[in-house]
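Pasted below: entry_1.txt, compact mmCIF, C-alpha atoms.
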# COMPACT_ATOMS: atom_id res chain seq x y z
CA MET Z 1 0.00 0.00 0.00
CA SER Z 2 1.26 3.50 -0.74
CA HIS Z 3 0.06 6.98 0.12
CA SER Z 4 1.24 10.41 -0.90
CA TRP Z 5 1.17 13.66 1.06
CA ASP Z 6 2.60 16.87 -0.42
CA GLY Z 7 4.52 14.91 -3.03
CA VAL Z 8 6.20 12.60 -0.50
CA ARG Z 9 5.35 8.94 -0.89
CA TYR Z 10 5.04 6.64 2.12
CA VAL Z 11 5.23 2.94 1.41
CA SER Z 12 3.83 -0.01 3.32
CA VAL Z 13 5.10 -3.44 2.29
CA SER Z 14 3.49 -6.66 3.57
CA ASP Z 15 2.03 -4.92 6.63
CA TRP Z 16 5.38 -3.28 7.44
CA ARG Z 17 5.53 0.50 7.15
CA SER Z 18 8.85 2.16 6.59
CA PRO Z 19 9.45 4.84 9.23
CA SER Z 20 11.07 6.93 6.54
CA ALA Z 21 9.69 9.07 3.74
CA ILE Z 22 11.03 8.56 0.26
CA ARG Z 23 10.39 10.28 -3.04
CA GLY Z 24 9.76 8.15 -6.09
CA LEU Z 25 10.14 4.65 -4.68
CA ARG Z 26 9.24 2.38 -7.59
CA ASP Z 27 6.78 -0.47 -7.18
CA PHE Z 28 7.33 -3.24 -9.74
CA SER Z 29 5.35 -5.90 -7.88
CA SER Z 30 2.87 -6.28 -10.74
CA LEU Z 31 5.64 -7.11 -13.23
CA ARG Z 32 7.22 -10.45 -14.06
CA GLY Z 33 9.97 -11.84 -16.27
CA ALA Z 34 11.19 -9.64 -19.12
CA SER Z 35 8.85 -6.78 -18.15
CA LEU Z 36 10.32 -6.66 -14.65
CA ALA Z 37 13.91 -6.80 -15.95
CA SER Z 38 13.20 -4.00 -18.43
CA ALA Z 39 11.62 -1.76 -15.77
CA ALA Z 40 14.51 -2.41 -13.36
CA GLU Z 41 17.00 -1.56 -16.11
CA ASP Z 42 15.33 1.73 -16.98
CA TYR Z 43 15.16 2.65 -13.29
CA PHE Z 44 18.84 1.85 -12.80
CA LEU Z 45 20.02 3.78 -15.87
CA SER Z 46 17.99 6.85 -14.93
CA GLN Z 47 18.71 6.86 -11.18
CA SER Z 48 22.10 5.23 -10.50
CA GLU Z 49 24.91 7.26 -8.97
CA VAL Z 50 28.69 6.86 -8.81
CA LYS Z 51 30.94 8.30 -6.10
CA SER Z 52 34.71 8.24 -5.71
CA THR Z 53 36.39 7.14 -2.50
CA GLU Z 54 39.97 7.20 -1.34
CA GLY Z 55 40.50 3.66 -2.54
CA GLY Z 56 38.03 3.21 -5.35
CA LEU Z 57 34.49 3.77 -6.56
CA GLU Z 58 31.02 3.19 -5.15
CA ILE Z 59 27.93 2.60 -7.25
CA TYR Z 60 24.56 3.37 -5.64
CA LEU Z 61 21.43 1.51 -6.71
CA ASN Z 62 17.95 2.58 -5.62
CA GLN Z 63 15.59 0.30 -3.73
CA PHE Z 64 12.37 -0.85 -5.38
CA VAL Z 65 9.51 -3.20 -4.60
CA ILE Z 66 8.91 -6.56 -6.28
CA THR Z 67 6.99 -9.76 -5.52
CA ASP Z 68 8.91 -12.32 -3.47
CA GLN Z 69 8.85 -16.14 -3.59
CA ASN Z 70 5.73 -16.15 -1.39
CA GLN Z 71 3.92 -13.80 -3.78
CA MET Z 72 4.14 -10.96 -1.26
CA ARG Z 73 5.32 -7.41 -1.96
CA ASN Z 74 8.81 -6.85 -0.61
CA PHE Z 75 11.93 -4.74 -1.15
CA VAL Z 76 14.43 -6.13 -3.65
CA CYS Z 77 17.16 -5.95 -0.95
CA ARG Z 78 17.34 -5.65 2.83
CA VAL Z 79 15.99 -2.49 4.50
CA GLU Z 80 16.52 -1.56 8.17
CA GLY Z 81 16.90 -5.16 9.35
CA ARG Z 82 14.04 -6.47 7.21
CA ALA Z 83 15.11 -9.22 4.82
CA GLY Z 84 14.54 -8.36 1.18
CA VAL Z 85 13.89 -10.71 -1.70
CA TYR Z 86 17.64 -10.99 -2.40
CA ASP Z 87 20.71 -10.66 -0.16
CA ARG Z 88 23.53 -10.24 -2.72
CA VAL Z 89 24.10 -8.02 -5.75
CA GLU Z 90 26.56 -8.48 -8.60
CA LEU Z 91 27.89 -6.00 -11.17
CA ARG Z 92 29.67 -7.01 -14.37
CA LEU Z 93 32.06 -4.46 -15.86
CA ARG Z 94 33.77 -4.76 -19.25
CA GLY Z 95 37.27 -3.31 -19.74
CA LEU Z 96 37.49 -0.83 -22.61
CA GLY Z 97 40.24 0.13 -25.01
CA ILE Z 98 42.36 -2.97 -24.56
CA SER Z 99 42.13 -6.55 -25.81
CA GLU Z 100 44.55 -9.33 -26.62
CA ALA Z 101 43.96 -12.48 -28.67
CA GLY Z 102 40.24 -11.79 -28.64
CA LYS Z 103 40.14 -11.39 -24.86
CA GLU Z 104 38.22 -8.49 -23.33
CA PRO Z 105 38.77 -8.21 -19.56
CA MET Z 106 35.83 -8.25 -17.18
CA LEU Z 107 35.38 -7.50 -13.48
CA VAL Z 108 32.59 -9.31 -11.64
CA VAL Z 109 31.95 -7.38 -8.40
CA GLU Z 110 29.73 -8.90 -5.69
CA SER Z 111 28.58 -7.55 -2.30
CA ASP Z 112 25.80 -7.69 0.28
CA CYS Z 113 22.58 -6.11 -0.91
CA LEU Z 114 21.10 -3.73 1.64
CA SER Z 115 20.08 -0.11 1.95
CA GLU Z 116 22.51 2.33 3.51
CA PRO Z 117 21.21 3.90 6.77
CA ASP Z 118 19.45 7.19 6.08
CA PRO Z 119 17.28 9.01 8.64
CA LYS Z 120 15.24 10.79 5.97
CA ALA Z 121 14.63 8.10 3.37
CA ILE Z 122 15.05 4.47 2.47
CA GLY Z 123 18.73 4.57 1.60
CA ALA Z 124 20.34 3.54 -1.64
CA ILE Z 125 22.13 0.20 -2.09
CA ARG Z 126 25.89 0.80 -2.02
CA VAL Z 127 28.19 -1.45 -4.05
CA PRO Z 128 31.90 -0.70 -3.41
CA ILE Z 129 34.54 -1.39 -6.06
CA PRO Z 130 37.99 -1.34 -4.32
CA MET Z 131 39.87 -0.31 -7.46
CA ALA Z 132 43.12 0.66 -5.70
CA GLN Z 133 43.42 -2.82 -4.16
CA ILE Z 134 42.39 -4.49 -7.42
CA TYR Z 135 45.02 -2.59 -9.42
CA GLU Z 136 47.71 -3.63 -6.95
CA LEU Z 137 47.08 -7.23 -8.01
CA ARG Z 138 48.86 -8.89 -10.89
CA PRO Z 139 46.70 -8.54 -14.03
CA THR Z 140 45.55 -12.12 -14.40
CA ASP Z 141 42.35 -14.13 -13.96
CA GLN Z 142 41.64 -14.52 -10.24
CA TYR Z 143 39.06 -14.41 -7.46
CA VAL Z 144 39.58 -12.11 -4.47
CA ARG Z 145 37.52 -11.68 -1.31
CA PHE Z 146 37.70 -8.35 0.54
CA TYR Z 147 36.74 -8.63 4.20
CA ASP Z 148 34.91 -5.31 4.40
CA ASP Z 149 31.50 -4.45 5.88
CA LEU Z 150 29.69 -5.72 2.76
CA ASP Z 151 31.74 -8.89 2.22
CA SER Z 152 32.83 -7.64 -1.21
CA ARG Z 153 34.28 -10.09 -3.71
CA VAL Z 154 35.81 -9.57 -7.15
CA GLN Z 155 36.42 -12.03 -9.95
CA VAL Z 156 38.76 -11.06 -12.79
CA VAL Z 157 37.90 -12.81 -16.07
CA GLU Z 158 39.64 -12.87 -19.48
CA MET Z 159 42.32 -10.51 -18.17
CA VAL Z 160 45.05 -9.24 -20.50
CA SER Z 161 48.63 -8.11 -19.70
CA GLU Z 162 47.65 -4.73 -18.20
CA TRP Z 163 44.70 -3.19 -16.41
CA PRO Z 164 42.28 -1.15 -18.55
CA LYS Z 165 41.85 2.50 -17.65
CA GLU Z 166 38.14 2.52 -18.45
CA TRP Z 167 35.28 0.16 -17.66
CA ARG Z 168 31.65 -0.01 -18.76
CA LEU Z 169 28.98 -1.49 -16.51
CA GLU Z 170 27.18 -4.14 -18.57
CA GLU Z 171 24.97 -6.14 -16.22
CA VAL Z 172 23.37 -5.99 -12.77
CA ARG Z 173 22.19 -9.12 -10.97
CA TYR Z 174 20.39 -9.53 -7.63
CA PHE Z 175 20.47 -13.05 -6.18
CA LEU Z 176 20.18 -15.24 -3.10
CA SER Z 177 23.43 -16.48 -1.56
CA THR Z 178 21.67 -19.71 -0.57
CA ASP Z 179 20.35 -20.33 -4.08
CA SER Z 180 21.99 -18.33 -6.85
CA THR Z 181 19.42 -19.59 -9.37
CA GLN Z 182 16.90 -17.31 -7.62
CA SER Z 183 17.87 -14.04 -9.25
CA LEU Z 184 16.85 -10.89 -11.09
CA SER Z 185 19.22 -9.60 -13.75
CA PHE Z 186 19.25 -7.02 -16.50
CA LYS Z 187 21.67 -5.55 -19.00
CA ALA Z 188 22.98 -2.13 -18.07
CA GLY Z 189 24.00 -0.96 -21.53
CA LYS Z 190 22.35 1.69 -23.65
CA LYS Z 191 19.12 0.52 -25.25
CA LYS Z 192 18.60 1.19 -28.93
CA GLY Z 193 16.53 4.34 -29.36
CA SER Z 194 16.66 5.16 -25.63
CA PRO Z 195 17.94 8.50 -24.26
CA LEU Z 196 19.29 6.63 -21.23
CA ARG Z 197 23.05 6.07 -21.17
CA ALA Z 198 25.34 3.28 -20.08
CA LEU Z 199 27.56 3.83 -17.04
CA GLN Z 200 31.23 4.26 -17.90
CA LEU Z 201 33.96 4.43 -15.25
CA SER Z 202 37.64 5.32 -15.28
CA TRP Z 203 40.51 4.47 -12.94
CA PRO Z 204 42.67 6.16 -11.80
CA MET Z 205 39.69 8.42 -11.59
CA GLU Z 206 39.96 11.55 -13.71
CA GLU Z 207 36.30 11.83 -14.53
CA THR Z 208 33.37 9.53 -13.80
CA SER Z 209 30.27 10.16 -15.82
CA LYS Z 210 27.36 8.59 -17.59
CA SER Z 211 28.41 8.49 -21.19
CA LEU Z 212 27.59 6.70 -24.38
Give the structure from the file, written as structure tokens.
Amino acid sequence: MSHSWDGVRYVSVSDWRSPSAIRGLRDFSSLRGASLASAAEDYFLSQSEVKSTEGGLEIYLNQFVITDQNQMRNFVCRVEGRAGVYDRVELRLRGLGISEAGKEPMLVVESDCLSEPDPKAIGAIRVPIPMAQIYELRPTDQYVRFYDDLDSRVQVVEMVSEWPKEWRLEEVRYFLSTDSTQSLSFKAGKKKGSPLRALQLSWPMEETSKSL
């Protein structure tokens, strides 16, 4: 159930009311399959945010409501101690401007999926990418676990002899750690005929922007 007062939307999910107000929380609980993936993709491309940190980048995804395995409305990821439909999120980034023997490097970044604490709204979902630590590694295929507050993990795939300076986010996937087949995924690239843009990142960070 949702209500709106003075342009601020309050959302109640499965008899649980968020104590916070949030503008524009999307409700995709009526959608399934390809329609749900398409709506989630458009929402991500229009609302996602990138921030730089001392040691890397952080991508922020907005919360939204979907139908869970019990056919109840629920948040896609955990909110204020309430379990969401999924508990992990994965980003796939393609290295740009460098390839060898047909190889194009890819980073697969995985972390816990939960909203950041925010006293005024349901917080965004923060996905850290520890680029400084990644670039200290030898450029080769590998799997690395970072013991941070979100249990971040990175897999390097099809790596070439040097690290790319630019990356493009190509796919987002929400999934259950106990059953990875239970998932919601969508491509994060630019759709044909859409004004929405793919997310392109650079490291070392000179400029981070949404670009074609």
Which residues, written as a PDB file with C-alpha atoms, in the coordinates of the input, have at least one atom at most 10 Å from range 126-132 of chain Z, with all atoms listed in the file counted and residues fewer than 3 positions away on the same chain left out?
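Generated file (selection.pdb):
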ATOM      1  CA  GLU Z  49      24.910   7.260  -8.970  1.00  0.00           C
ATOM      2  CA  VAL Z  50      28.690   6.860  -8.810  1.00  0.00           C
ATOM      3  CA  LYS Z  51      30.940   8.300  -6.100  1.00  0.00           C
ATOM      4  CA  SER Z  52      34.710   8.240  -5.710  1.00  0.00           C
ATOM      5  CA  THR Z  53      36.390   7.140  -2.500  1.00  0.00           C
ATOM      6  CA  GLU Z  54      39.970   7.200  -1.340  1.00  0.00           C
ATOM      7  CA  GLY Z  55      40.500   3.660  -2.540  1.00  0.00           C
ATOM      8  CA  GLY Z  56      38.030   3.210  -5.350  1.00  0.00           C
ATOM      9  CA  LEU Z  57      34.490   3.770  -6.560  1.00  0.00           C
ATOM     10  CA  GLU Z  58      31.020   3.190  -5.150  1.00  0.00           C
ATOM     11  CA  ILE Z  59      27.930   2.600  -7.250  1.00  0.00           C
ATOM     12  CA  TYR Z  60      24.560   3.370  -5.640  1.00  0.00           C
ATOM     13  CA  LEU Z  61      21.430   1.510  -6.710  1.00  0.00           C
ATOM     14  CA  ASN Z  62      17.950   2.580  -5.620  1.00  0.00           C
ATOM     15  CA  VAL Z  89      24.100  -8.020  -5.750  1.00  0.00           C
ATOM     16  CA  GLU Z  90      26.560  -8.480  -8.600  1.00  0.00           C
ATOM     17  CA  LEU Z  91      27.890  -6.000 -11.170  1.00  0.00           C
ATOM     18  CA  LEU Z 107      35.380  -7.500 -13.480  1.00  0.00           C
ATOM     19  CA  VAL Z 108      32.590  -9.310 -11.640  1.00  0.00           C
ATOM     20  CA  VAL Z 109      31.950  -7.380  -8.400  1.00  0.00           C
ATOM     21  CA  GLU Z 110      29.730  -8.900  -5.690  1.00  0.00           C
ATOM     22  CA  SER Z 111      28.580  -7.550  -2.300  1.00  0.00           C
ATOM     23  CA  ASP Z 112      25.800  -7.690   0.280  1.00  0.00           C
ATOM     24  CA  CYS Z 113      22.580  -6.110  -0.910  1.00  0.00           C
ATOM     25  CA  LEU Z 114      21.100  -3.730   1.640  1.00  0.00           C
ATOM     26  CA  SER Z 115      20.080  -0.110   1.950  1.00  0.00           C
ATOM     27  CA  GLU Z 116      22.510   2.330   3.510  1.00  0.00           C
ATOM     28  CA  GLY Z 123      18.730   4.570   1.600  1.00  0.00           C
ATOM     29  CA  TYR Z 135      45.020  -2.590  -9.420  1.00  0.00           C
ATOM     30  CA  GLU Z 136      47.710  -3.630  -6.950  1.00  0.00           C
ATOM     31  CA  LEU Z 137      47.080  -7.230  -8.010  1.00  0.00           C
ATOM     32  CA  PHE Z 146      37.700  -8.350   0.540  1.00  0.00           C
ATOM     33  CA  ASP Z 148      34.910  -5.310   4.400  1.00  0.00           C
ATOM     34  CA  LEU Z 150      29.690  -5.720   2.760  1.00  0.00           C
ATOM     35  CA  ASP Z 151      31.740  -8.890   2.220  1.00  0.00           C
ATOM     36  CA  SER Z 152      32.830  -7.640  -1.210  1.00  0.00           C
ATOM     37  CA  ARG Z 153      34.280 -10.090  -3.710  1.00  0.00           C
ATOM     38  CA  VAL Z 154      35.810  -9.570  -7.150  1.00  0.00           C
ATOM     39  CA  SER Z 202      37.640   5.320 -15.280  1.00  0.00           C
ATOM     40  CA  TRP Z 203      40.510   4.470 -12.940  1.00  0.00           C
ATOM     41  CA  PRO Z 204      42.670   6.160 -11.800  1.00  0.00           C
ATOM     42  CA  MET Z 205      39.690   8.420 -11.590  1.00  0.00           C
TER      43      MET Z 205
END
One number please: CA of Met106 in chain Z to CA of Lys187 in chain Z, in Å, one decimal.
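We find that CA of Met106 in chain Z and CA of Lys187 in chain Z lie 14.5 Å from each other.
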Selected residue of minimal separation from Glu166 in chain Z among Z:Gln200, Z:Ala40, Z:Gly81, Z:Asp87, counting all atoms listed in the file:
Z:Gln200
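Of the listed residues Z:Gln47, Z:Ser183, Z:Gln71, Z:Gln63, the one whose atoms come nearest to Ala124 in chain Z is Z:Gln63, with distances taken using all atoms listed in the file.
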Just to confirm, what's the straight-line distance from CA of Leu31 in chain Z to CA of Cys77 in chain Z in Å (one decimal)?
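CA of Cys77 in chain Z lies 16.9 Å from CA of Leu31 in chain Z.
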Among listed residues Z:Arg78, Z:Ser29, Z:Ile125, Z:Glu158, nearest Gly102 in chain Z (using all atoms listed in the file)
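Of Z:Arg78, Z:Ser29, Z:Ile125, Z:Glu158, the one nearest Gly102 in chain Z, counting all atoms listed in the file, is Z:Glu158.
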Please compute the CA of Ser48 in chain Z-CA of Arg94 in chain Z distance, one decimal, in Å.
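Interatomic distance here is 17.7 Å.
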